[in-house]
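Read through the structure below, which is laid out as structure tokens, and then see the notes.
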Protein chains: 6
Amino acid sequence: MVYLTRAEHFNAAHKLANPNWSKEKNEEVFGVCANENWHGHNYEIFVTVKGHPDPETGFLFDVKKLSMLIKKHVIDQLDHKNLNVDVPFMQGQMCSTENLVIAIWKQLQPHIPTEVQLHCIKLYETPRIYVEYFG
Amino acid sequence: MVYLTRAEHFNAAHKLANPNWSKEKNEEVFGVCANENWHGHNYEIFVTVKGHPDPETGFLFDVKKLSMLIKKHVIDQLDHKNLNVDVPFMQGQMCSTENLVIAIWKQLQPHIPTEVQLHCIKLYETPRIYVEYFG
Amino acid sequence: MVYLTRAEHFNAAHKLANPNWSKEKNEEVFGVCANENWHGHNYEIFVTVKGHPDPETGFLFDVKKLSMLIKKHVIDQLDHKNLNVDVPFMQGQMCSTENLVIAIWKQLQPHIPTEVQLHCIKLYETPRIYVEYFG
Amino acid sequence: MVYLTRAEHFNAAHKLANPNWSKEKNEEVFGVCANENWHGHNYEIFVTVKGHPDPETGFLFDVKKLSMLIKKHVIDQLDHKNLNVDVPFMQGQMCSTENLVIAIWKQLQPHIPTEVQLHCIKLYETPRIYVEYFG
Amino acid sequence: MVYLTRAEHFNAAHKLANPNWSKEKNEEVFGVCANENWHGHNYEIFVTVKGHPDPETGFLFDVKKLSMLIKKHVIDQLDHKNLNVDVPFMQGQMCSTENLVIAIWKQLQPHIPTEVQLHCIKLYETPRIYVEYFG
Amino acid sequence: MVYLTRAEHFNAAHKLANPNWSKEKNEEVFGVCANENWHGHNYEIFVTVKGHPDPETGFLFDVKKLSMLIKKHVIDQLDHKNLNVDVPFMQGQMCSTENLVIAIWKQLQPHIPTEVQLHCIKLYETPRIYVEYFG
């Protein structure tokens with residue numbers, strides 16, 4: 001079994017605020033992340049698939065095709081967007097990196113060809129904070 | 001003459017849209033950066049001062065004090081903010097990285113002690129795009 | 001299950017020398033790392049916790065609280081210290097990165113709240129050497 | 001159990017082209033990677049071994065010895081080489097990163113001392129594409 | 001005056017060998033870089049332009065257009081190519097990073113619009129070796 | 001004129017304390033950096049030379065020779081050393097990064113061949129603090 005990882009990135013705005021809570025409680029729990037006028041990040045995403053290389057190509061999975069799948073199903077939905085407002089699959093939930101990585105998995109997983117398996121999505125919110133999800 | 005640089009960072013939302021233009025013209029010129037609902041970045045800022053080291057301390061300028069000056073006059077004004085909405089010194093101008101770096105210089109320069117000179121501010125909007133300003 | 005990682009750093013001095021060995025044997029085994037007058041490193045530490053996000057916050061664990069726990073129980077004990085001399089929990093053992101990462105786990109693990117589990121501590125001694133410990 | 005990782009690098013040329021296929025099919029499948037005149041990469045390799053630290057040295061395995069083993073059995077075979085032409089252990093197979101990481105494991109594993117186990121080889125083809133193999 | 005920099009990358013093969021010299025002299029001067037069968041690199045290129053931001057856009061120069069110019073006149077000529085064989089503008093000269101950065105300047109400079117000036121091209125051959133050219 | 005840069009690194013211990021001052025004054029001015037038992041860093045050094053490439057080699061200066069000069073005159077003097085105790089050319093002065101970069105220039109400059117000029121030494125004390133000196 002070999003693991004192949006491709007990195008992509010997107011830039012997005014978000015805020016962390018529970019709509020069922022008062023402004024005060026949101027500021028108490030989320031601090032500056034609750035700013036009503038939004039803030040944003042350069043997200044870096046690492047998608048790992050696993051499987052066995054094809055003897056004829058030497059490829060587990062063509063990394064250009066993997067890149068195109070990530071772009072179509074993840075980057076195009078999130079890049080230069082407001083995660084709370086513009087992204088249908090984040091509606092009704094908090095736009096934390098934890099929830100975002102799970103939602104990205106659900107978006108991408110059905111489009112991964114059956115000859116490989118989606119193994120991990122790793123999402124950097126900043127260079128010093130990241131979240132991983134293995135399904 | 002010796003040059004000392006300190007890196008700091010902040011996360012912010014912004015959009016690129018000229019309020020005197022139509023939505024169509026803004027989208028034509030700025031593309032996805034004009035998204036009305038904002039997007040955002042992890043900005044990295046590098047502040048360089050120049051001068052001569054003090055023989056008693058070996059310091060050009062105490063880097064902890066430089067860091068505190070940057071935090072007070074730059075980071076606290078910009079971090080987890082919406083550059084177009086929340087930042088008084090960006091009002092009335094486009095929130096491009098070019099304009100932002102000039103505005104940061106104007107904020108910080110008056111607070112740099114006279115024994116050193118502010119030499120350069122370098123601002124990364126993404127890991128692959130940065131702007132430098134030398135005053 | 002989601003995995004959340006926070007990076008922190010500290011600067012410290014150490015040497016690698018077994019007090020039961022002669023100077024010659026220490027130099028033979030540890031080379032320049034045995035320098036009696038010490039050398040040092042910029043250590044980078046990555047702490048990973050795992051668990052399930054809270055639906056009300058979207059957080060596995062508030063990353064600001066995780067950062068504060070690491071600062072209190074790890075960084076404040078090690079930053080700008082001599083690992084062989086100044087750190088009670090490293091007494092009586094070699095100050096290798098392997099032993100250090102195990103000792104850091106023991107310091108930090110009791111303070112991690114029960115709603116998450118400490119999963120991994122990864123410690124870079126240099127950008128090209130790192131050690132991981134999973135408990 | 002502790003995991004110790006050492007990074008090394010090498011620069012090499014290669015092409016992706018199946019000798020049993022027409023030039024047209026190779027270009028269709030591999031695109032610019034099939035260029036008959038070769039292209040190349042700065043490969044970064046991360047070798048991870050696992051085991052228990054020795055109480056007398058604090059070392060899982062002397063990282064200088066690990067570095068020398070990687071240099072002798074991997075870097076010296078691959079650095080400034082043409083992977084398709086100059087490397088005996090890549091003959092008869094596609095020079096993909098997937099196949100290369102498996103071949104490197106086979107080269108290195110017999111030389112790892114029995115007190116530790118080879119755990120993982122991670123190979124970056126570019127800063128945004130990497131492959132991992134765990135044996 | 002503001003300086004704007006955009007980073008791009010390309011992967012290429014090359015060798016360092018003077019065709020007027022014997023194989024022995026080439027190996028003596030260039031070492032492993034003279035390997036007849038080529039080796040290669042992941043080159044990183046940083047292009048800096050300077051000028052004054054446009055008040056209506058806040059842009060010195062639209063970074064997407066700068067990226068497209070670099071792609072058309074530099075990356076498309078060099079990516080996945082053999083610098084010695086496939087690149088017309090490197091014919092008749094040594095394919096060193098020094099010569100390459102000067103040749104890239106000559107390719108790109110005529111296409112930079114007159115409202116900005118090309119200031120610097122910085123080219124990384126490896127993460128630890130780079131060359132800069134200011135025209 | 002072309003500029004060529006080579007990066008090297010060393011690990012060292014130091015402290016910041018003026019021997020003419022009381023322990024209290026040193027702690028007041030230098031904080032944790034004054035720890036009597038030392039602390040340390042992974043220093044990264046970037047050495048830039050400038051000149052005109054040789055038409056026969058394409059080289060401004062053979063980067064392997066530049067690396068060997070840096071190793072002999074800088075790295076071998078500083079790596080795994082205590083800057084305050086073990087380094088003759090730092091005696092009698094504060095071991096700040098500012099003073100260190102000037103001292104390194106003085107060590108290295110006489111050994112740079114006359115066909116090129118030493119242009120800059122850039123020294124990172126941590127990934128977020130660096131000093132440059134141009135002679």
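Naming scheme: A, B, ... for chains in displayed order of the structure tokens; residues 1 onward per chain; ligands 1 onward as shown.
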- Item | Residues near range 8-15 of chain B, cut-off 7 Å, only C-alpha atoms, skip fewer than 2 positions along chain, as an MDAnalysis selection string | (chainID A and resid 13 38:41) or (chainID B and resid 6 17 33:35 38:46 75 78:84 95)
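All of the residues in chain E within 8 Å of chain B are Met1, Val2, Tyr3, Leu4, Thr5, Arg6, Ala7, Glu8, Pro53, Pro55, Glu56, Thr57, Gly58, Phe59, Leu60 and Val63 of chain E, where only C-alpha atoms were counted.
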- Enumerate the residues of chain B with a DSSP assignment of alpha helix (DSSP H), computed from the backbone, and present them as a PyMOL selection string. chain B and resi 23-30+63-70+76-78+83-86+97-108
- Query: What gap, in Å, lies between CA of Phe89 in chain A and CA of Ile121 in chain A?
  - Reply: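 One can read the CA of Phe89 in chain A to CA of Ile121 in chain A distance as 16.6 Å.
Residues lying within 6 Å of range 116-120 of chain A, counting only C-alpha atoms and ignoring same-chain neighbours fewer than 2 positions away, are A:Thr48, A:Val49, A:Lys50, A:Gly51, A:Thr114, A:Tyr133, A:Phe134.
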Go ahead and write the residues just picked, all heavy atoms, as a PDB file, in the first residue's frame.
ATOM      1  N   THR A  48      -4.793  12.958   0.842  1.00  0.00           N
ATOM      2  CA  THR A  48      -4.022  11.720   0.713  1.00  0.00           C
ATOM      3  C   THR A  48      -4.929  10.581   0.272  1.00  0.00           C
ATOM      4  O   THR A  48      -5.963  10.333   0.894  1.00  0.00           O
ATOM      5  CB  THR A  48      -3.363  11.347   2.053  1.00  0.00           C
ATOM      6  OG1 THR A  48      -2.552  12.437   2.487  1.00  0.00           O
ATOM      7  CG2 THR A  48      -2.501  10.094   1.929  1.00  0.00           C
ATOM      8  N   VAL A  49      -4.500   9.895  -0.802  1.00  0.00           N
ATOM      9  CA  VAL A  49      -5.191   8.665  -1.229  1.00  0.00           C
ATOM     10  C   VAL A  49      -4.223   7.499  -1.084  1.00  0.00           C
ATOM     11  O   VAL A  49      -3.010   7.689  -1.067  1.00  0.00           O
ATOM     12  CB  VAL A  49      -5.702   8.768  -2.687  1.00  0.00           C
ATOM     13  CG1 VAL A  49      -6.809   9.807  -2.798  1.00  0.00           C
ATOM     14  CG2 VAL A  49      -4.572   9.073  -3.656  1.00  0.00           C
ATOM     15  N   LYS A  50      -4.767   6.284  -0.958  1.00  0.00           N
ATOM     16  CA  LYS A  50      -3.910   5.107  -0.792  1.00  0.00           C
ATOM     17  C   LYS A  50      -4.350   3.984  -1.730  1.00  0.00           C
ATOM     18  O   LYS A  50      -5.519   3.949  -2.145  1.00  0.00           O
ATOM     19  CB  LYS A  50      -3.919   4.637   0.665  1.00  0.00           C
ATOM     20  CG  LYS A  50      -5.248   4.159   1.187  1.00  0.00           C
ATOM     21  CD  LYS A  50      -5.151   3.824   2.681  1.00  0.00           C
ATOM     22  CE  LYS A  50      -6.528   3.521   3.241  1.00  0.00           C
ATOM     23  NZ  LYS A  50      -6.512   3.365   4.716  1.00  0.00           N
ATOM     24  N   GLY A  51      -3.425   3.095  -2.035  1.00  0.00           N
ATOM     25  CA  GLY A  51      -3.724   1.978  -2.925  1.00  0.00           C
ATOM     26  C   GLY A  51      -2.440   1.402  -3.475  1.00  0.00           C
ATOM     27  O   GLY A  51      -1.364   1.587  -2.890  1.00  0.00           O
ATOM     28  N   THR A 114     -12.762   4.170  -7.623  1.00  0.00           N
ATOM     29  CA  THR A 114     -12.740   3.014  -6.716  1.00  0.00           C
ATOM     30  C   THR A 114     -11.389   2.317  -6.664  1.00  0.00           C
ATOM     31  O   THR A 114     -11.142   1.548  -5.740  1.00  0.00           O
ATOM     32  CB  THR A 114     -13.812   1.990  -7.128  1.00  0.00           C
ATOM     33  OG1 THR A 114     -13.617   1.708  -8.522  1.00  0.00           O
ATOM     34  CG2 THR A 114     -15.206   2.535  -6.890  1.00  0.00           C
ATOM     35  N   TYR A 133      -8.535  14.552   9.230  1.00  0.00           N
ATOM     36  CA  TYR A 133      -9.716  13.683   9.305  1.00  0.00           C
ATOM     37  C   TYR A 133      -9.461  12.470   8.418  1.00  0.00           C
ATOM     38  O   TYR A 133      -8.984  12.604   7.291  1.00  0.00           O
ATOM     39  CB  TYR A 133     -10.953  14.459   8.839  1.00  0.00           C
ATOM     40  CG  TYR A 133     -12.244  13.704   8.969  1.00  0.00           C
ATOM     41  CD1 TYR A 133     -12.680  13.235  10.212  1.00  0.00           C
ATOM     42  CD2 TYR A 133     -13.050  13.461   7.858  1.00  0.00           C
ATOM     43  CE1 TYR A 133     -13.883  12.545  10.340  1.00  0.00           C
ATOM     44  CE2 TYR A 133     -14.254  12.786   7.977  1.00  0.00           C
ATOM     45  CZ  TYR A 133     -14.663  12.325   9.216  1.00  0.00           C
ATOM     46  OH  TYR A 133     -15.853  11.649   9.327  1.00  0.00           O
ATOM     47  N   PHE A 134      -9.778  11.286   8.955  1.00  0.00           N
ATOM     48  CA  PHE A 134      -9.519  10.026   8.247  1.00  0.00           C
ATOM     49  C   PHE A 134     -10.829   9.303   7.885  1.00  0.00           C
ATOM     50  O   PHE A 134     -10.808   8.127   7.581  1.00  0.00           O
ATOM     51  CB  PHE A 134      -8.646   9.111   9.114  1.00  0.00           C
ATOM     52  CG  PHE A 134      -7.272   9.659   9.417  1.00  0.00           C
ATOM     53  CD1 PHE A 134      -7.069  10.545  10.468  1.00  0.00           C
ATOM     54  CD2 PHE A 134      -6.170   9.307   8.640  1.00  0.00           C
ATOM     55  CE1 PHE A 134      -5.803  11.061  10.752  1.00  0.00           C
ATOM     56  CE2 PHE A 134      -4.903   9.816   8.912  1.00  0.00           C
ATOM     57  CZ  PHE A 134      -4.722  10.692   9.966  1.00  0.00           C
TER      58      PHE A 134
END
